[in-house]
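Visitor: Just start.txt, nothing more (compact mmCIF, C-alpha atoms):
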```txt
# COMPACT_ATOMS: atom_id res chain seq x y z
CA MET A 1152 123.23 322.13 23.81
CA LEU A 1153 124.59 318.69 23.10
CA LEU A 1154 121.18 317.25 23.92
CA LEU A 1155 119.62 319.67 21.44
CA LEU A 1156 121.99 318.42 18.77
CA HIS A 1157 121.15 314.82 19.59
CA HIS A 1158 117.44 315.57 19.42
CA SER A 1159 117.82 317.23 16.05
CA LEU A 1160 119.76 314.28 14.67
CA ALA A 1161 117.79 311.36 16.02
CA THR A 1162 114.52 311.67 14.11
CA GLU A 1163 112.87 313.89 11.55
CA GLU A 1164 110.30 315.06 14.12
CA GLY A 1165 113.13 315.94 16.50
CA PHE A 1166 114.80 318.00 13.80
CA GLU A 1167 111.60 319.83 12.95
CA SER A 1168 110.82 320.60 16.60
CA VAL A 1169 114.33 322.03 17.16
CA LYS A 1170 113.98 324.04 13.96
CA ASP A 1171 110.56 325.37 15.03
CA SER A 1172 111.91 326.42 18.41
CA PHE A 1173 114.26 328.82 16.60
CA ALA A 1174 111.25 330.95 15.64
CA ASN A 1175 110.90 331.89 19.32
CA PRO A 1176 112.51 335.32 19.94
CA LEU A 1177 113.82 334.27 23.35
CA VAL A 1178 115.63 331.30 21.78
CA LYS A 1179 117.02 333.60 19.10
CA LEU A 1180 118.29 335.96 21.80
CA VAL A 1181 120.01 333.20 23.77
CA VAL A 1182 121.58 331.71 20.65
CA TRP A 1183 122.73 335.13 19.50
CA ALA A 1184 124.25 335.90 22.91
CA MET A 1185 126.14 332.61 22.96
CA LEU A 1186 127.38 333.03 19.39
CA SER A 1187 128.43 336.63 20.09
CA ALA A 1188 130.47 335.61 23.14
CA LEU A 1189 132.03 332.77 21.17
CA MET A 1190 132.92 335.04 18.28
CA TYR A 1191 134.56 337.62 20.53
CA HIS A 1192 136.54 334.77 22.09
CA VAL A 1193 137.66 333.56 18.65
CA VAL A 1194 138.67 337.03 17.42
CA ALA A 1195 140.61 337.77 20.61
CA GLY A 1196 142.19 334.32 20.37
CA ILE A 1197 143.37 335.03 16.84
CA ARG A 1198 144.98 338.18 18.26
CA HIS A 1199 146.80 335.97 20.79
CA LEU A 1200 148.06 333.76 17.97
CA ILE A 1201 149.22 336.78 15.96
CA MET A 1202 151.06 338.11 19.00
CA ASP A 1203 152.63 334.70 19.53
CA ILE A 1204 154.21 335.01 16.08
CA GLY A 1205 155.62 338.33 17.31
CA ILE A 1206 153.39 340.86 15.61
CA GLY A 1207 152.10 343.61 17.88
CA GLU A 1208 153.88 342.70 21.09
CA THR A 1209 154.64 346.31 22.12
CA ILE A 1210 152.41 348.51 24.25
CA GLU A 1211 151.24 350.49 21.20
CA GLY A 1212 150.80 347.25 19.32
CA GLY A 1213 148.72 345.89 22.16
CA ARG A 1214 146.47 348.93 22.18
CA THR A 1215 146.00 348.82 18.40
CA GLY A 1216 145.37 345.10 18.50
CA SER A 1217 142.67 345.40 21.14
CA LYS A 1218 140.88 348.11 19.16
CA ILE A 1219 140.98 345.93 16.03
CA VAL A 1220 139.59 342.99 18.01
CA ILE A 1221 136.67 345.03 19.32
CA ALA A 1222 135.93 346.49 15.88
CA VAL A 1223 136.03 343.11 14.11
CA ALA A 1224 134.02 341.47 16.86
CA VAL A 1225 131.30 344.15 16.76
CA VAL A 1226 131.00 343.73 12.98
CA LEU A 1227 130.72 339.95 13.29
CA ILE A 1228 128.24 340.18 16.16
CA ILE A 1229 126.01 342.54 14.19
CA ALA A 1230 126.27 340.30 11.13
CA THR A 1231 125.26 337.31 13.25
CA GLY A 1232 122.33 339.27 14.62
CA VAL A 1233 121.18 340.07 11.11
CA TRP A 1234 121.54 336.43 10.09
CA ILE A 1235 119.60 335.12 13.08
CA TRP A 1236 116.79 337.54 12.72
CA MET B 124 158.01 328.11 52.30
CA ASP B 125 155.17 326.87 50.03
CA MET B 126 154.96 323.29 48.93
CA VAL B 127 154.65 322.54 45.24
CA THR B 128 150.96 322.36 44.38
CA ASN B 129 151.11 322.47 40.59
CA VAL B 130 150.36 318.90 39.61
CA THR B 131 147.29 319.32 37.42
CA ASN B 132 148.98 320.67 34.31
CA PHE B 133 149.86 318.54 31.29
CA SER B 134 153.59 319.30 31.37
CA ARG B 135 156.19 320.38 33.88
CA SER B 136 157.24 323.51 32.05
CA GLY B 137 153.79 324.30 30.77
CA LEU B 138 155.02 324.23 27.20
CA PHE B 139 152.86 321.27 26.22
CA ASP B 140 149.81 323.03 27.69
CA TRP B 141 150.73 326.18 25.76
CA MET B 142 151.09 324.26 22.51
CA PHE B 143 147.93 322.24 23.06
CA GLN B 144 145.97 325.42 23.70
CA ARG B 145 147.10 326.87 20.36
CA GLY B 146 146.62 323.61 18.44
CA SER B 147 143.15 322.97 19.80
CA ALA B 148 142.25 326.62 19.16
CA LEU B 149 143.07 326.19 15.46
CA ILE B 150 141.04 322.97 15.24
CA LEU B 151 138.06 324.58 16.95
CA ALA B 152 138.29 327.72 14.81
CA ALA B 153 138.31 325.59 11.65
CA TYR B 154 135.30 323.64 12.88
CA PHE B 155 133.44 326.83 13.81
CA VAL B 156 134.05 328.37 10.37
CA PHE B 157 133.05 325.11 8.70
CA MET B 158 129.77 324.76 10.62
CA LEU B 159 128.90 328.42 10.23
CA GLY B 160 129.63 328.21 6.51
CA PHE B 161 127.49 325.10 6.20
CA LEU B 162 124.52 326.67 7.98
CA VAL B 163 124.77 329.93 6.04
CA THR B 164 124.97 328.13 2.68
CA HIS B 165 122.02 325.88 3.49
CA PRO B 166 119.09 328.13 4.36
CA GLY B 167 115.96 326.08 4.71
CA LEU B 168 117.98 323.11 5.87
CA THR B 169 116.21 319.75 5.64
CA TYR B 170 116.57 316.81 7.99
CA ALA B 171 118.05 314.76 5.14
CA GLN B 172 120.87 317.28 4.64
CA TRP B 173 121.53 317.69 8.35
CA HIS B 174 121.50 313.98 9.05
CA GLY B 175 123.54 313.31 5.93
CA LEU B 176 126.25 315.71 7.07
CA PHE B 177 126.72 314.02 10.43
CA ALA B 178 126.46 310.48 9.08
CA SER B 179 129.59 310.74 6.96
CA GLU B 180 132.72 309.07 8.28
CA PHE B 181 134.64 312.32 7.84
CA MET B 182 132.23 314.21 10.08
CA ARG B 183 132.28 311.53 12.75
CA VAL B 184 136.05 311.61 12.96
CA PHE B 185 136.15 315.42 12.73
CA ASN B 186 133.57 315.75 15.51
CA THR B 187 135.48 313.33 17.72
CA LEU B 188 138.61 315.41 17.16
CA VAL B 189 136.62 318.52 18.07
CA LEU B 190 135.49 316.85 21.32
CA VAL B 191 139.11 316.19 22.29
CA ALA B 192 140.06 319.72 21.25
CA ILE B 193 137.27 321.31 23.31
CA THR B 194 138.27 319.27 26.36
CA ALA B 195 141.96 320.15 26.10
CA HIS B 196 141.31 323.81 25.24
CA SER B 197 138.91 324.39 28.11
CA TRP B 198 140.99 322.36 30.56
CA VAL B 199 144.04 324.56 29.91
CA GLY B 200 141.86 327.67 30.01
CA MET B 201 140.08 326.79 33.27
CA TRP B 202 143.37 325.62 34.76
CA THR B 203 144.89 329.02 33.95
CA ILE B 204 141.93 330.88 35.42
CA SER B 205 141.85 328.81 38.59
CA THR B 206 145.59 329.05 39.20
CA ASP B 207 145.50 332.79 38.51
CA TYR B 208 142.58 333.69 40.78
CA LEU B 209 142.09 330.91 43.34
CA THR B 210 145.33 331.67 45.13
CA PRO B 211 146.49 331.89 48.75
CA LEU B 212 146.37 335.67 48.26
CA SER B 213 142.64 335.60 47.58
CA LEU B 214 141.54 332.56 49.58
CA GLY B 215 144.20 332.04 52.23
CA LYS B 216 144.96 328.51 53.28
CA TRP B 217 141.91 327.05 51.52
CA ALA B 218 143.24 328.06 48.12
CA THR B 219 144.78 324.76 47.07
CA GLY B 220 141.79 322.73 48.17
CA VAL B 221 139.28 325.03 46.49
CA ARG B 222 141.34 325.12 43.31
CA PHE B 223 141.61 321.34 43.20
CA LEU B 224 137.87 321.04 43.72
CA PHE B 225 137.18 323.58 40.99
CA GLN B 226 139.49 321.77 38.57
CA ALA B 227 137.97 318.41 39.52
CA VAL B 228 134.49 319.73 38.71
CA CYS B 229 135.76 321.05 35.38
CA GLY B 230 137.31 317.66 34.69
CA VAL B 231 134.09 315.81 35.43
CA ILE B 232 132.08 318.16 33.21
CA MET B 233 134.58 317.70 30.40
CA PHE B 234 134.43 313.92 30.76
CA VAL B 235 130.63 313.93 30.65
CA ILE B 236 130.74 316.06 27.52
CA ILE B 237 133.13 313.60 25.90
CA VAL B 238 130.99 310.59 26.73
CA LEU B 239 127.73 312.21 25.63
CA GLY B 240 129.32 313.64 22.52
CA LEU B 241 130.82 310.32 21.45
CA GLN B 242 127.46 308.68 21.91
CA ILE B 243 125.75 311.29 19.75
CA PHE B 244 128.30 311.36 16.97
CA TRP B 245 128.79 307.62 16.62
CA SER B 246 125.14 306.66 16.73
CA VAL B 247 124.11 308.73 13.71
```
Please, can you express the file's structure as structure tokens?

Guide:
Amino acid sequence: MLLLLHHSLATEEGFESVKDSFANPLVKLVVWAMLSALMYHVVAGIRHLIMDIGIGETIEGGRTGSKIVIAVAVVLIIATGVWIW
Amino acid sequence: MDMVTNVTNFSRSGLFDWMFQRGSALILAAYFVFMLGFLVTHPGLTYAQWHGLFASEFMRVFNTLVLVAITAHSWVGMWTISTDYLTPLSLGKWATGVRFLFQAVCGVIMFVIIVLGLQIFWSV
């Protein structure tokens, strides 16, 4: 992925070729999968930070928190899918 | 009974690791939101805009910070995973060696990412 970034930055042709490759549905799928995983990680991580402050550290709080994480993550993942396609 | 094998963490109590994990998480989250926002607000991105973004001094420093943050964040994360699951309970007497090897591989990968990343960001 780093190499992709380098290629897109080095020359104009590099940039265009990386941009063109995003029209490929397989590339879109891989990028979407990676972004989805990353977004779930971020949302769950924010839950960790909120629990570190002390909010939601009970068993009921934990259950509620995990449901919120899944709901928010699903929304973001769908939104990303819409954006990519 | 067991010798002390915990020498690959950043701090003795683990508090520095804990803090670094949270700090780097915030940096990475900010970067992620920033990049996503940039891409969403620039549909039909041109090379000039893309190159211009990364050529600014601010971006170079920010990206370097992100490289350090990714390294620290994933080191703490992989360290936690390896010490949680590559244990004498699961692997018997090979646990420490396997865990060290796993962490060493992670370390090498992180270092390569730092070197490649620095090259990319500071040659724009």

Visitor: For chain B, which residues have at least one atom within 6 Å of chain A, if we go by all atoms listed in the file? Write them as a PyMOL selection string, please.

Guide: chain B and resi 170+174+243

Visitor: Would you mind reading off the distance between CA of Trp245 (chain B) and CA of Met158 (chain B), one decimal, in Å?

Guide: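 Going from CA of Trp245 (chain B) over to CA of Met158 (chain B) covers 18.2 Å.
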
Visitor: With all atoms listed in the file as the basis for distance, which of B:Ser147, B:Ser246, B:Trp198, B:Leu214 is at the shortest distance from Val228 (chain B)?

Guide: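 For Val228 (chain B), the nearest of the given residues is B:Trp198.
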
Visitor: Quick check, in Å to one decimal: how far apart do CA of Thr206 (chain B) and CA of Val235 (chain B) lie?

Guide: 22.9 Å

Visitor: Name all residues at most 9 Å from region 1171-1178 of chain A (count all atoms listed in the file; drop same-chain ones fewer than 5 positions away) and give them as number ranges by chain.

Guide: A: 1166, 1183, 1235-1236

Visitor: From the options A:His1192, A:Leu1155, A:Ile1221, A:Val1169, which residue's atoms come nearest to Ala152 (chain B), counting all atoms listed in the file?

Guide: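 Of the candidates, the smallest distance to Ala152 (chain B) is held by A:His1192.
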
Visitor: For the atom pair CA of Trp202 (chain B) and CA of Ala1224 (chain A), what is the interatomic distance in Å to one decimal place?

Guide: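 Between CA of Trp202 (chain B) and CA of Ala1224 (chain A) the gap is 25.7 Å.
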
Visitor: Choose the residue, out of A:Ile1206, A:Ala1230, A:Met1152, A:Val1223, that has the smallest atom-to-atom separation from Met1185 (chain A); count all atoms listed in the file.

Guide: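 Closest to Met1185 (chain A), using all atoms listed in the file: A:Met1152.
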
Visitor: Just need the box for region 185-198 of chain B, edges along x, y and z, holding every atom the file lists for it with 6 Å tacked onto each side, so centre and edge lengths in Å to one decimal, as AutoDock Vina command-line options.

Guide:
```
--center_x 137.8 --center_y 318.9 --center_z 21.6 --size_x 20.4 --size_y 23.1 --size_z 29.8
```

Visitor: Would you pick out the contacts of Ser1217 (chain A) at 9 Å or less, using all atoms listed in the file, so that residues sharing its chain but fewer than 4 positions from it are not included, and give the list as a PDB file with C-alpha atoms, in the coordinates of the input?

Guide:
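The resulting around_18.pdb:
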```pdb
ATOM      1  CA  ALA A1195     140.610 337.770  20.610  1.00  0.00           C
ATOM      2  CA  ARG A1198     144.980 338.180  18.260  1.00  0.00           C
ATOM      3  CA  GLY A1212     150.800 347.250  19.320  1.00  0.00           C
ATOM      4  CA  GLY A1213     148.720 345.890  22.160  1.00  0.00           C
ATOM      5  CA  ILE A1221     136.670 345.030  19.320  1.00  0.00           C
ATOM      6  CA  ALA A1222     135.930 346.490  15.880  1.00  0.00           C
TER       7      ALA A1222
END
```

Visitor: Using only C-alpha atoms, which of the listed residues (B:Ala171, B:Leu239, B:Asn129, B:Val156) sits closest to Asp207 (chain B)?

Guide: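 Of the candidates, the smallest distance to Asp207 (chain B) is held by B:Asn129.
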
Visitor: For Val130 (chain B), work out the shell of residues within 12 Å, counting all atoms listed in the file and skipping chain neighbours fewer than 2 positions away, then give it as a list in words.

Guide: Met126, Val127, Thr128, Asn132, Phe133, Ser134, Arg135, Ser136, Gly137, Trp202, Thr206, Thr219, Arg222, Phe223 and Gln226 of chain B
